[in-house]
file start01.cif (mmCIF, C-alpha atoms and all ligand atoms)
data_input
#
loop_
_atom_site.label_atom_id
_atom_site.label_comp_id
_atom_site.auth_asym_id
_atom_site.auth_seq_id
_atom_site.Cartn_x
_atom_site.Cartn_y
_atom_site.Cartn_z
CA MET F 1 33.26 -51.29 24.44
CA ASN F 2 35.29 -49.29 26.94
CA ARG F 3 33.98 -46.30 28.82
CA ARG F 4 35.48 -43.84 26.44
CA GLU F 5 33.95 -45.61 23.45
CA ILE F 6 30.57 -45.74 25.17
CA LEU F 7 30.76 -42.12 26.14
CA GLY F 8 31.86 -41.30 22.61
CA SER F 9 28.94 -43.13 21.03
CA VAL F 10 26.47 -41.60 23.51
CA THR F 11 27.84 -38.17 22.72
CA ALA F 12 27.69 -38.85 19.01
CA ALA F 13 24.11 -40.09 19.33
CA ALA F 14 23.22 -37.05 21.41
CA LEU F 15 24.79 -34.78 18.82
CA VAL F 16 22.92 -36.46 15.98
CA GLY F 17 19.74 -36.14 18.02
CA ALA F 18 20.39 -32.48 18.72
CA ALA F 19 21.16 -31.75 15.08
CA GLY F 20 18.00 -33.60 14.09
CA ARG F 21 15.99 -31.56 16.56
CA ALA F 22 17.60 -28.33 15.38
CA ARG F 23 16.73 -29.21 11.80
CA ALA F 24 13.22 -30.20 12.77
CA ALA F 25 12.65 -26.93 14.62
CA GLU F 26 14.03 -24.78 11.81
CA PRO F 27 11.19 -22.62 10.58
CA LEU F 28 9.57 -23.24 7.23
CA LYS F 29 10.19 -19.90 5.58
CA VAL F 30 7.53 -18.36 3.35
CA GLY F 31 8.54 -15.22 1.46
CA LEU F 32 5.45 -13.04 1.13
CA ILE F 33 5.87 -10.33 -1.54
CA LEU F 34 3.04 -7.80 -1.63
CA PRO F 35 2.29 -4.18 -2.45
CA MET F 36 2.20 -2.76 1.11
CA THR F 37 2.52 0.86 -0.11
CA GLY F 38 1.25 2.70 -3.18
CA ALA F 39 -2.07 2.49 -5.04
CA PHE F 40 -2.56 -1.23 -4.38
CA ALA F 41 -1.63 -1.29 -0.68
CA SER F 42 -5.14 -2.44 0.29
CA THR F 43 -4.38 -5.76 -1.46
CA GLY F 44 -1.19 -6.13 0.58
CA ARG F 45 -2.90 -5.28 3.86
CA GLN F 46 -5.76 -7.73 3.27
CA ILE F 47 -3.50 -10.61 2.26
CA GLU F 48 -0.97 -10.07 5.03
CA ALA F 49 -3.71 -9.97 7.68
CA ALA F 50 -5.30 -13.14 6.31
CA CYS F 51 -1.99 -15.05 6.18
CA ARG F 52 -1.24 -14.08 9.78
CA LEU F 53 -4.75 -15.08 10.84
CA TYR F 54 -4.38 -18.49 9.17
CA LEU F 55 -1.04 -19.08 10.89
CA LYS F 56 -2.40 -17.98 14.25
CA GLU F 57 -5.17 -20.55 13.83
CA ASN F 58 -3.09 -23.37 12.26
CA GLY F 59 0.55 -22.65 11.64
CA ALA F 60 2.55 -23.17 14.83
CA ASP F 61 3.52 -26.74 13.95
CA VAL F 62 3.69 -27.78 10.30
CA ALA F 63 5.59 -31.05 9.84
CA GLY F 64 7.24 -30.32 13.21
CA ARG F 65 8.30 -26.81 12.18
CA PRO F 66 6.82 -23.39 12.80
CA VAL F 67 5.95 -21.38 9.69
CA GLU F 68 7.78 -18.05 9.43
CA LEU F 69 6.42 -15.35 7.15
CA ILE F 70 9.01 -12.99 5.70
CA LEU F 71 7.08 -10.00 4.38
CA ARG F 72 8.53 -7.74 1.67
CA ASP F 73 6.92 -4.66 0.08
CA ASP F 74 7.29 -4.36 -3.70
CA ALA F 75 5.09 -1.22 -3.83
CA GLY F 76 3.50 -2.61 -6.99
CA ALA F 77 6.72 -2.36 -9.08
CA ALA F 78 7.72 -5.46 -11.08
CA GLU F 79 11.49 -4.84 -10.95
CA THR F 80 11.21 -4.70 -7.16
CA THR F 81 9.22 -7.94 -7.03
CA LYS F 82 11.95 -9.64 -9.03
CA ARG F 83 14.78 -8.31 -6.85
CA LEU F 84 12.96 -9.25 -3.63
CA ALA F 85 12.21 -12.76 -4.90
CA GLN F 86 15.89 -13.21 -5.76
CA GLU F 87 17.00 -12.03 -2.31
CA LEU F 88 14.50 -14.23 -0.51
CA ILE F 89 15.59 -17.29 -2.47
CA VAL F 90 19.34 -16.74 -2.13
CA ARG F 91 19.72 -15.14 1.32
CA GLU F 92 16.71 -16.40 3.25
CA ARG F 93 16.51 -19.80 1.56
CA ILE F 94 12.71 -19.64 1.55
CA ALA F 95 10.79 -22.87 0.92
CA VAL F 96 7.92 -21.09 -0.84
CA MET F 97 7.18 -17.62 -2.18
CA ALA F 98 3.69 -16.18 -2.18
CA GLY F 99 1.57 -13.05 -2.60
CA PHE F 100 1.83 -11.17 -5.94
CA GLY F 101 -0.70 -8.34 -5.91
CA LEU F 102 -0.85 -7.64 -9.64
CA THR F 103 -0.32 -9.66 -12.83
CA PRO F 104 2.96 -7.98 -13.89
CA LEU F 105 4.39 -8.71 -10.43
CA ALA F 106 3.52 -12.42 -10.62
CA LEU F 107 4.98 -12.62 -14.13
CA ALA F 108 8.22 -11.00 -12.91
CA ALA F 109 8.66 -13.68 -10.22
CA ALA F 110 7.65 -16.74 -12.28
CA PRO F 111 11.02 -17.32 -14.07
CA LEU F 112 12.80 -17.26 -10.69
CA ALA F 113 10.39 -19.88 -9.34
CA THR F 114 11.32 -22.10 -12.27
CA GLN F 115 15.09 -21.54 -11.95
CA ALA F 116 15.21 -22.07 -8.19
CA LYS F 117 12.47 -24.76 -8.13
CA VAL F 118 10.65 -22.76 -5.44
CA PRO F 119 6.83 -22.87 -5.52
CA ALA F 120 5.13 -19.50 -6.10
CA VAL F 121 1.62 -19.36 -4.66
CA VAL F 122 -0.24 -16.60 -6.51
CA MET F 123 -2.78 -15.22 -4.03
CA ALA F 124 -4.03 -12.14 -5.92
CA ALA F 125 -2.99 -11.75 -9.56
CA ALA F 126 -5.75 -13.12 -11.78
CA THR F 127 -4.79 -13.15 -15.46
CA SER F 128 -5.47 -16.64 -16.80
CA SER F 129 -2.01 -17.18 -18.32
CA ILE F 130 0.00 -16.69 -15.09
CA THR F 131 -0.06 -20.40 -14.20
CA GLU F 132 1.48 -21.14 -17.61
CA ALA F 133 4.48 -18.89 -16.89
CA SER F 134 6.07 -21.53 -14.60
CA PRO F 135 5.36 -25.13 -13.54
CA PHE F 136 6.03 -23.89 -9.98
CA VAL F 137 3.09 -21.44 -9.96
CA VAL F 138 -0.03 -22.55 -8.08
CA ARG F 139 -3.00 -20.17 -7.77
CA SER F 140 -5.15 -19.72 -4.65
CA GLY F 141 -7.18 -16.69 -5.84
CA PHE F 142 -9.21 -16.74 -9.05
CA THR F 143 -9.04 -15.87 -12.75
CA LEU F 144 -10.94 -13.11 -14.51
CA PRO F 145 -12.36 -15.42 -17.22
CA GLN F 146 -13.58 -17.74 -14.44
CA VAL F 147 -15.69 -15.05 -12.76
CA THR F 148 -16.67 -13.14 -15.93
CA ALA F 149 -18.16 -16.03 -17.92
CA PRO F 150 -21.01 -16.58 -15.39
CA LEU F 151 -21.86 -12.85 -15.47
CA ALA F 152 -22.22 -12.91 -19.27
CA GLY F 153 -24.54 -15.89 -18.77
CA TRP F 154 -26.60 -14.00 -16.20
CA ALA F 155 -26.79 -10.93 -18.50
CA GLN F 156 -28.12 -13.02 -21.36
CA GLU F 157 -30.75 -14.64 -19.19
CA ASN F 158 -31.86 -11.24 -17.94
CA GLY F 159 -32.50 -9.47 -21.22
CA VAL F 160 -29.24 -7.56 -21.42
CA ARG F 161 -28.49 -7.35 -25.17
CA LYS F 162 -26.32 -4.32 -25.77
CA VAL F 163 -23.33 -3.75 -23.52
CA VAL F 164 -20.37 -1.39 -23.27
CA THR F 165 -17.40 -3.06 -21.59
CA LEU F 166 -14.97 -0.87 -19.61
CA VAL F 167 -11.83 -2.54 -18.28
CA ALA F 168 -8.38 -1.65 -16.94
CA ASP F 169 -6.01 -1.94 -19.89
CA TYR F 170 -3.75 -4.85 -18.87
CA GLY F 171 -3.84 -8.65 -18.48
CA PRO F 172 -6.85 -9.25 -16.22
CA GLY F 173 -8.91 -6.47 -17.86
CA ILE F 174 -8.24 -7.83 -21.32
CA ASP F 175 -9.12 -11.34 -20.10
CA ALA F 176 -12.41 -10.00 -18.67
CA GLU F 177 -13.24 -8.05 -21.83
CA LYS F 178 -12.51 -10.98 -24.16
CA THR F 179 -14.56 -13.39 -22.07
CA PHE F 180 -17.56 -11.07 -21.76
CA VAL F 181 -17.57 -10.02 -25.44
CA GLU F 182 -17.26 -13.60 -26.67
CA ARG F 183 -19.93 -15.03 -24.34
CA LEU F 184 -22.49 -12.29 -24.92
CA GLY F 185 -21.80 -12.43 -28.66
CA LYS F 186 -22.53 -16.17 -28.75
CA GLY F 187 -25.94 -15.43 -27.27
CA GLY F 188 -26.62 -12.76 -29.92
CA GLY F 189 -25.71 -9.72 -27.81
CA THR F 190 -23.63 -6.82 -29.07
CA THR F 191 -20.74 -5.06 -27.33
CA GLU F 192 -18.54 -2.02 -27.65
CA SER F 193 -15.30 -1.94 -25.67
CA VAL F 194 -13.31 0.79 -23.97
CA ARG F 195 -10.12 0.39 -21.92
CA VAL F 196 -8.78 2.70 -19.21
CA PRO F 197 -5.16 2.96 -18.01
CA LEU F 198 -4.22 0.87 -14.98
CA ARG F 199 -2.39 3.69 -13.19
CA ASP F 200 -4.29 6.84 -12.09
CA PRO F 201 -7.28 6.31 -14.35
CA ASP F 202 -9.60 9.22 -15.10
CA PHE F 203 -12.83 7.41 -15.92
CA ALA F 204 -14.77 10.52 -17.02
CA PRO F 205 -14.06 10.47 -20.79
CA PHE F 206 -14.62 6.71 -20.95
CA LEU F 207 -17.86 6.98 -19.01
CA GLN F 208 -19.03 9.69 -21.41
CA ARG F 209 -18.37 7.41 -24.38
CA ALA F 210 -20.21 4.61 -22.63
CA ALA F 211 -23.20 6.85 -21.87
CA ASP F 212 -23.35 8.10 -25.48
CA ALA F 213 -23.64 4.51 -26.77
CA LYS F 214 -26.88 4.08 -24.70
CA PRO F 215 -26.37 0.38 -23.91
CA ASP F 216 -28.60 -1.77 -21.69
CA ALA F 217 -25.65 -2.25 -19.37
CA LEU F 218 -22.11 -1.22 -18.63
CA PHE F 219 -19.80 -4.14 -17.76
CA VAL F 220 -16.78 -3.10 -15.68
CA PHE F 221 -13.54 -4.60 -14.40
CA VAL F 222 -11.05 -2.49 -12.44
CA PRO F 223 -8.59 -4.03 -9.97
CA SER F 224 -9.22 -4.17 -6.24
CA GLY F 225 -8.72 -0.69 -4.75
CA ALA F 226 -9.89 1.25 -7.83
CA GLY F 227 -13.64 0.62 -7.49
CA ALA F 228 -14.38 3.60 -5.23
CA GLN F 229 -12.91 6.10 -7.70
CA PHE F 230 -14.85 4.45 -10.52
CA MET F 231 -18.12 4.60 -8.59
CA LYS F 232 -17.57 8.25 -7.65
CA GLN F 233 -17.15 9.25 -11.30
CA PHE F 234 -20.04 7.01 -12.36
CA VAL F 235 -22.28 9.06 -10.06
CA GLU F 236 -20.70 12.43 -10.98
CA ARG F 237 -21.45 11.73 -14.66
CA GLY F 238 -25.06 10.94 -13.70
CA LEU F 239 -24.83 7.37 -15.00
CA ASP F 240 -26.53 6.03 -11.88
CA LYS F 241 -29.69 7.86 -13.04
CA SER F 242 -29.31 7.12 -16.77
CA GLY F 243 -31.13 3.79 -16.81
CA ILE F 244 -27.91 2.08 -17.89
CA ARG F 245 -27.44 -0.89 -15.63
CA LEU F 246 -24.04 -1.40 -13.97
CA ILE F 247 -22.76 -4.99 -13.90
CA CYS F 248 -19.23 -5.94 -12.89
CA THR F 249 -16.83 -8.47 -11.48
CA GLY F 250 -16.61 -8.44 -7.68
CA ASP F 251 -13.32 -6.55 -7.92
CA VAL F 252 -15.28 -3.31 -8.47
CA VAL F 253 -17.60 -3.71 -5.47
CA ASP F 254 -14.76 -5.04 -3.32
CA ASP F 255 -15.79 -5.64 0.31
CA ASP F 256 -12.93 -3.36 1.39
CA LEU F 257 -14.53 -0.36 -0.35
CA LEU F 258 -18.22 -1.28 -0.56
CA PRO F 259 -19.23 -0.04 2.92
CA ASN F 260 -18.30 3.53 1.82
CA MET F 261 -19.67 3.48 -1.72
CA GLY F 262 -23.06 4.90 -0.86
CA ASP F 263 -26.50 4.22 -2.31
CA ALA F 264 -25.28 4.35 -5.94
CA ALA F 265 -23.97 0.83 -5.39
CA LEU F 266 -27.39 -0.54 -4.36
CA GLY F 267 -28.66 -3.12 -6.85
CA VAL F 268 -25.33 -3.57 -8.64
CA VAL F 269 -25.08 -7.17 -9.87
CA SER F 270 -21.65 -8.78 -9.88
CA THR F 271 -20.07 -12.22 -9.99
CA HIS F 272 -17.18 -13.42 -7.84
CA HIS F 273 -15.80 -16.29 -5.81
CA TYR F 274 -16.10 -14.66 -2.36
CA SER F 275 -18.38 -12.25 -0.55
CA ALA F 276 -18.00 -11.23 3.09
CA ALA F 277 -21.74 -12.01 3.23
CA HIS F 278 -21.21 -15.66 2.16
CA ASP F 279 -23.66 -17.77 4.13
CA SER F 280 -21.72 -20.62 5.74
CA ALA F 281 -20.43 -21.37 9.23
CA LYS F 282 -16.85 -21.17 7.97
CA ALA F 283 -17.44 -17.78 6.29
CA LYS F 284 -19.10 -16.36 9.41
CA ALA F 285 -16.24 -17.49 11.64
CA TYR F 286 -13.74 -16.03 9.16
CA LEU F 287 -15.54 -12.67 9.00
CA ALA F 288 -15.66 -12.46 12.81
CA ALA F 289 -11.99 -13.46 13.28
CA PHE F 290 -10.75 -11.12 10.54
CA LYS F 291 -12.77 -8.20 11.92
CA ALA F 292 -11.51 -8.89 15.44
CA ALA F 293 -7.91 -8.93 14.19
CA THR F 294 -8.03 -5.90 11.89
CA GLY F 295 -11.20 -3.90 12.57
CA THR F 296 -12.14 -4.23 8.88
CA ARG F 297 -14.09 -6.55 6.63
CA PRO F 298 -12.16 -9.26 4.77
CA ASN F 299 -12.33 -8.95 0.98
CA PHE F 300 -11.70 -11.47 -1.83
CA MET F 301 -7.97 -10.74 -1.77
CA SER F 302 -7.87 -11.85 1.86
CA VAL F 303 -9.27 -15.31 1.05
CA GLY F 304 -6.62 -15.69 -1.65
CA GLY F 305 -4.09 -15.22 1.17
CA TYR F 306 -5.90 -17.38 3.73
CA ASP F 307 -6.36 -20.28 1.30
CA GLY F 308 -2.84 -19.85 -0.06
CA MET F 309 -1.48 -20.40 3.46
CA HIS F 310 -3.72 -23.45 3.78
CA LEU F 311 -2.26 -24.83 0.57
CA ILE F 312 1.33 -24.19 1.73
CA CYS F 313 0.83 -25.65 5.22
CA GLU F 314 -1.05 -28.74 4.03
CA ALA F 315 1.51 -29.44 1.29
CA ALA F 316 4.34 -29.07 3.83
CA LYS F 317 2.56 -31.51 6.17
CA ALA F 318 1.86 -34.03 3.40
CA THR F 319 5.51 -34.05 2.26
CA ASN F 320 7.06 -33.62 5.69
CA GLY F 321 8.51 -30.31 4.50
CA GLY F 322 9.66 -31.66 1.13
CA SER F 323 11.38 -30.15 -1.90
CA GLY F 324 9.81 -27.50 -4.12
CA GLU F 325 8.79 -30.16 -6.62
CA ALA F 326 7.26 -32.34 -3.88
CA LEU F 327 5.34 -29.35 -2.50
CA VAL F 328 3.86 -28.49 -5.91
CA SER F 329 2.82 -32.08 -6.55
CA ALA F 330 1.17 -32.22 -3.11
CA MET F 331 -0.77 -29.03 -3.93
CA LYS F 332 -2.11 -30.50 -7.18
CA GLY F 333 -5.55 -31.96 -6.66
CA MET F 334 -5.90 -30.67 -3.09
CA ARG F 335 -9.48 -29.79 -2.15
CA TRP F 336 -10.91 -28.16 0.94
CA GLU F 337 -13.67 -26.03 2.43
CA SER F 338 -12.72 -22.34 2.35
CA PRO F 339 -14.60 -19.32 3.72
CA ARG F 340 -15.57 -18.83 0.04
CA GLY F 341 -17.09 -22.34 -0.21
CA PRO F 342 -15.60 -25.58 -1.60
CA MET F 343 -12.42 -25.20 -3.66
CA ALA F 344 -9.73 -27.32 -5.29
CA ILE F 345 -6.49 -27.08 -7.25
CA ASP F 346 -6.85 -28.52 -10.75
CA PRO F 347 -3.97 -31.04 -10.99
CA ALA F 348 -3.65 -30.45 -14.75
CA THR F 349 -3.34 -26.64 -14.64
CA ARG F 350 -2.45 -25.75 -10.99
CA ASP F 351 -5.30 -23.28 -11.17
CA VAL F 352 -8.20 -22.94 -8.76
CA VAL F 353 -11.57 -24.63 -9.30
CA GLN F 354 -14.38 -23.03 -7.30
CA ASN F 355 -17.98 -21.86 -7.13
CA VAL F 356 -18.78 -18.51 -8.70
CA TYR F 357 -21.64 -16.62 -7.08
CA VAL F 358 -24.01 -14.08 -8.60
CA ARG F 359 -24.56 -11.29 -6.07
CA LYS F 360 -26.49 -8.06 -5.68
CA VAL F 361 -25.60 -5.11 -3.45
CA GLU F 362 -28.16 -4.78 -0.67
CA ARG F 363 -28.34 -2.83 2.57
CA ARG F 364 -28.58 -5.08 5.62
CA ASP F 365 -28.49 -3.79 9.20
CA GLY F 366 -27.39 -0.41 7.85
CA GLU F 367 -24.40 -1.72 5.84
CA LEU F 368 -23.89 -2.54 2.17
CA TRP F 369 -23.15 -6.18 1.31
CA ASN F 370 -22.77 -8.30 -1.83
CA VAL F 371 -25.63 -10.72 -1.18
CA GLU F 372 -25.24 -13.96 -3.14
CA PHE F 373 -28.41 -15.17 -4.89
CA ALA F 374 -27.22 -17.82 -7.37
CA THR F 375 -24.28 -20.25 -7.57
CA VAL F 376 -22.45 -21.66 -10.58
CA PRO F 377 -20.65 -24.67 -9.06
CA ASP F 378 -17.08 -25.88 -9.63
CA VAL F 379 -16.02 -23.39 -12.30
CA LYS F 380 -12.65 -24.00 -13.96
CA ASP F 381 -10.71 -21.27 -15.74
CA PRO F 382 -12.54 -21.35 -19.09
CA VAL F 383 -9.51 -20.27 -21.14
CA LYS F 384 -7.54 -23.34 -20.07
CA ALA F 385 -10.61 -25.57 -20.26
CA ALA F 386 -11.06 -24.49 -23.92
CA LYS F 387 -7.38 -25.21 -24.69
CA ALA F 388 -7.69 -28.67 -23.11
CA GLY F 389 -10.68 -29.24 -25.43
C1 LIG U 1 -4.20 -8.50 -11.39
O1 LIG U 1 -3.35 -7.60 -11.60
O2 LIG U 1 -4.07 -9.63 -11.87
C2 LIG U 1 -5.40 -8.19 -10.57
C3 LIG U 1 -5.32 -7.24 -9.56
C4 LIG U 1 -6.46 -6.92 -8.83
C5 LIG U 1 -7.65 -7.56 -9.10
C6 LIG U 1 -7.73 -8.51 -10.09
C7 LIG U 1 -6.59 -8.83 -10.83
O3 LIG U 1 -8.75 -7.24 -8.40
#

call {"tool": "encode", "arguments": {"input": "start01.cif", "output": "structure tokens"}}
result
Amino acid sequence: MNRREILGSVTAAALVGAAGRARAAEPLKVGLILPMTGAFASTGRQIEAACRLYLKENGADVAGRPVELILRDDAGAAETTKRLAQELIVRERIAVMAGFGLTPLALAAAPLATQAKVPAVVMAAATSSITEASPFVVRSGFTLPQVTAPLAGWAQENGVRKVVTLVADYGPGIDAEKTFVERLGKGGGTTESVRVPLRDPDFAPFLQRAADAKPDALFVFVPSGAGAQFMKQFVERGLDKSGIRLICTGDVVDDDLLPNMGDAALGVVSTHHYSAAHDSAKAKAYLAAFKAATGTRPNFMSVGGYDGMHLICEAAKATNGGSGEALVSAMKGMRWESPRGPMAIDPATRDVVQNVYVRKVERRDGELWNVEFATVPDVKDPVKAAKAG
């Protein structure tokens, strides 16, 4: 080998090395599509803060690459979600998309995930069927049937026989209503159902109908962000003094809103997968870090974001930053300890398996909290479990 040849091969090797390093240092891009404005902006704020917190704690080096979040605001409009997902896939060449603050937004993005073979980590939207809309959807939040079934069980065990259900009239509300009505019915209870519009609901006429039926309890689902308005009208209609018990999914007594709900919320029993009062070392550290970063309490939406980032980062590590298909298969069956407790991704359904807690609103050190008092362990989405037989 002459000098020129040696120099040439050294240069070539150096170039290959440099290109390799450049590739290795290229960020792993995660497109985060959330409602950052509009009626559901609290969901966007909570999830964004949690994703950034997770990355601050863990995300500088994932399979040799830093994780880069590219945040886009869909303002809660499905056409916007779809356009943003398209842009992120084509122009930014994202490895993963994530977020999705409402069911219609997740459903708008799912066909693009399939076409582009880009995983879509659903951090918020909670209608059971979303995971069936694309084999590239993996859920890090929860489903409404999953958290509602244990509440119907609790109601039965506690002498609640006659219930009016009041839900937001779209996917997750209908899932919650169906689950509650079916479960209570099996135990011999009776139900009457009313549905309220998702956008700008005026609860007053529905609350009047509920009060007139004189049930033992009112079961409620409204999406995160709407609970304060519901509670205000519940009190204005005098239902807090009517002897009708209020029971709900944790969406209604969301930790974001609960501190300002006032005494009417005291004693409300709900079921959910996360409470800011969850009693574990991991949950306490998460509460402290989230509060330090944002000045507010983390809610259940935030853990959907935090755990979704865990899922993305761990899958990227396991596959050394692999293809969309490799990332989804690495996510299947993953299990870990979250601030909510133990959780896993069901490899058969790509849906989340987790504990559901029964909680009651109590005042502690001057603040309202959802204090967990019973645990139903390792709950799968019951709609898919029933289909699987
Ligand atoms: C949904 O649209 O799927 C959704 C939104 C907020 C919730 C629950 C479900 O709190």

call {"tool": "atom_distance", "arguments": {"input": "start01.cif", "atom1": "atom CA of Pro342 of chain F", "atom2": "atom CA of Asn58 of chain F"}}
result
18.8 Å

call {"tool": "residues_near_ligand", "arguments": {"input": "start01.cif", "ligand": "ligand LIG 1 (chain U)", "cutoff": "7 Å", "atoms": "all atoms listed in the file", "output": "number ranges by chain"}}
result
F: 101-104, 124-127, 171-172, 222-224, 251

call {"tool": "write_last_selection", "arguments": {"input": "start01.cif", "atoms": "C-alpha atoms", "output": "PDB file, in the coordinates of the input"}}
result
ATOM      1  CA  GLY F 101      -0.700  -8.340  -5.910  1.00  0.00           C
ATOM      2  CA  LEU F 102      -0.850  -7.640  -9.640  1.00  0.00           C
ATOM      3  CA  THR F 103      -0.320  -9.660 -12.830  1.00  0.00           C
ATOM      4  CA  PRO F 104       2.960  -7.980 -13.890  1.00  0.00           C
ATOM      5  CA  ALA F 124      -4.030 -12.140  -5.920  1.00  0.00           C
ATOM      6  CA  ALA F 125      -2.990 -11.750  -9.560  1.00  0.00           C
ATOM      7  CA  ALA F 126      -5.750 -13.120 -11.780  1.00  0.00           C
ATOM      8  CA  THR F 127      -4.790 -13.150 -15.460  1.00  0.00           C
ATOM      9  CA  GLY F 171      -3.840  -8.650 -18.480  1.00  0.00           C
ATOM     10  CA  PRO F 172      -6.850  -9.250 -16.220  1.00  0.00           C
ATOM     11  CA  VAL F 222     -11.050  -2.490 -12.440  1.00  0.00           C
ATOM     12  CA  PRO F 223      -8.590  -4.030  -9.970  1.00  0.00           C
ATOM     13  CA  SER F 224      -9.220  -4.170  -6.240  1.00  0.00           C
ATOM     14  CA  ASP F 251     -13.320  -6.550  -7.920  1.00  0.00           C
TER      15      ASP F 251
END

call {"tool": "atom_distance", "arguments": {"input": "start01.cif", "atom1": "atom CA of Lys214 of chain F", "atom2": "atom CA of Val235 of chain F"}}
result
16.1 Å

call {"tool": "residues_around", "arguments": {"input": "start01.cif", "residues": "Arg91 of chain F", "least_positions_apart": "6", "cutoff": "12 Å", "atoms": "all atoms listed in the file", "output": "mmCIF file with C-alpha atoms, keeping the file's coordinate frame"}}
result
data_model
loop_
_atom_site.group_PDB
_atom_site.id
_atom_site.type_symbol
_atom_site.label_atom_id
_atom_site.label_comp_id
_atom_site.auth_asym_id
_atom_site.auth_seq_id
_atom_site.Cartn_x
_atom_site.Cartn_y
_atom_site.Cartn_z
ATOM 1 C CA LYS F 29 10.190 -19.900 5.580
ATOM 2 C CA GLY F 31 8.540 -15.220 1.460
ATOM 3 C CA ILE F 70 9.010 -12.990 5.700
ATOM 4 C CA ARG F 83 14.780 -8.310 -6.850
ATOM 5 C CA LEU F 84 12.960 -9.250 -3.630
ATOM 6 C CA ALA F 85 12.210 -12.760 -4.900
#

call {"tool": "atom_distance", "arguments": {"input": "start01.cif", "atom1": "atom CA of Asp73 of chain F", "atom2": "atom CA of Trp336 of chain F"}}
result
29.5 Å

call {"tool": "residues_around", "arguments": {"input": "start01.cif", "residues": "Gly189 of chain F", "least_positions_apart": "6", "cutoff": "9 Å", "atoms": "all atoms listed in the file", "output": "list in words"}}
result
Gln156, Val160, Arg161, Lys162, Val163, Val181 and Arg183 of chain F

call {"tool": "closest_atom_pairs", "arguments": {"input": "start01.cif", "of": "segment 107-141 of chain F", "to": "segment 311-331 of chain F", "cutoff": "6 Å", "atoms": "only C-alpha atoms", "output": "CSV"}}
result
residue,atom,partner,partner_atom,distance
F:Lys117,CA,F:Gly324,CA,5.5
F:Val118,CA,F:Gly324,CA,5.0
F:Pro119,CA,F:Gly324,CA,5.7

call {"tool": "write_last_selection", "arguments": {"input": "start01.cif", "atoms": "C-alpha atoms", "output": "compact mmCIF listing (two decimals), keeping the file's coordinate frame"}}
result
# COMPACT_ATOMS: atom_id res chain seq x y z
CA LYS F 117 12.47 -24.76 -8.13
CA VAL F 118 10.65 -22.76 -5.44
CA PRO F 119 6.83 -22.87 -5.52

call {"tool": "residues_around", "arguments": {"input": "start01.cif", "residues": "Ala149 of chain F", "least_positions_apart": "5", "cutoff": "8 Å", "atoms": "all atoms listed in the file", "output": "list in words"}}
result
Thr179, Phe180, Arg183 and Pro382 of chain F

call {"tool": "residues_near_point", "arguments": {"input": "start01.cif", "point": "(3.8, -18.4, 2.2)", "cutoff": "6 Å", "atoms": "all atoms listed in the file", "output": "PyMOL selection string"}}
result
chain F and resi 30-32+96-98+309

call {"tool": "residues_near_point", "arguments": {"input": "start01.cif", "point": "(-15.1, -14.5, -23.1)", "cutoff": "10 Å", "atoms": "all atoms listed in the file", "output": "PyMOL selection string"}}
result
chain F and resi 144-146+148-150+152+174-186+382-383

call {"tool": "write_last_selection", "arguments": {"input": "start01.cif", "atoms": "C-alpha atoms", "output": "mmCIF file, keeping the file's coordinate frame"}}
result
data_model
loop_
_atom_site.group_PDB
_atom_site.id
_atom_site.type_symbol
_atom_site.label_atom_id
_atom_site.label_comp_id
_atom_site.auth_asym_id
_atom_site.auth_seq_id
_atom_site.Cartn_x
_atom_site.Cartn_y
_atom_site.Cartn_z
ATOM 1 C CA LEU F 144 -10.940 -13.110 -14.510
ATOM 2 C CA PRO F 145 -12.360 -15.420 -17.220
ATOM 3 C CA GLN F 146 -13.580 -17.740 -14.440
ATOM 4 C CA THR F 148 -16.670 -13.140 -15.930
ATOM 5 C CA ALA F 149 -18.160 -16.030 -17.920
ATOM 6 C CA PRO F 150 -21.010 -16.580 -15.390
ATOM 7 C CA ALA F 152 -22.220 -12.910 -19.270
ATOM 8 C CA ILE F 174 -8.240 -7.830 -21.320
ATOM 9 C CA ASP F 175 -9.120 -11.340 -20.100
ATOM 10 C CA ALA F 176 -12.410 -10.000 -18.670
ATOM 11 C CA GLU F 177 -13.240 -8.050 -21.830
ATOM 12 C CA LYS F 178 -12.510 -10.980 -24.160
ATOM 13 C CA THR F 179 -14.560 -13.390 -22.070
ATOM 14 C CA PHE F 180 -17.560 -11.070 -21.760
ATOM 15 C CA VAL F 181 -17.570 -10.020 -25.440
ATOM 16 C CA GLU F 182 -17.260 -13.600 -26.670
ATOM 17 C CA ARG F 183 -19.930 -15.030 -24.340
ATOM 18 C CA LEU F 184 -22.490 -12.290 -24.920
ATOM 19 C CA GLY F 185 -21.800 -12.430 -28.660
ATOM 20 C CA LYS F 186 -22.530 -16.170 -28.750
ATOM 21 C CA PRO F 382 -12.540 -21.350 -19.090
ATOM 22 C CA VAL F 383 -9.510 -20.270 -21.140
#

call {"tool": "closest_residue", "arguments": {"input": "start01.cif", "among": "F:Lys380, F:Arg209, F:Arg359, F:His278", "to": "Pro347 of chain F", "atoms": "all atoms listed in the file"}}
result
F:Lys380

call {"tool": "residues_around", "arguments": {"input": "start01.cif", "residues": "Tyr54 of chain F", "least_positions_apart": "5", "cutoff": "12 Å", "atoms": "only C-alpha atoms", "output": "number ranges by chain"}}
result
F: 47-49, 59-60, 67, 69, 286, 289-290, 293, 302-314, 338-339

call {"tool": "closest_atom_pairs", "arguments": {"input": "start01.cif", "of": "segment 295-328 of chain F", "to": "segment 256-277 of chain F", "cutoff": "9 Å", "atoms": "only C-alpha atoms", "output": "CSV"}}
result
residue,atom,partner,partner_atom,distance
F:Thr296,CA,F:Asp256,CA,7.6
F:Arg297,CA,F:Asp256,CA,6.2
F:Pro298,CA,F:Ala276,CA,6.4
F:Asn299,CA,F:Asp256,CA,5.6
F:Phe300,CA,F:Tyr274,CA,5.5
F:Val303,CA,F:Tyr274,CA,7.7
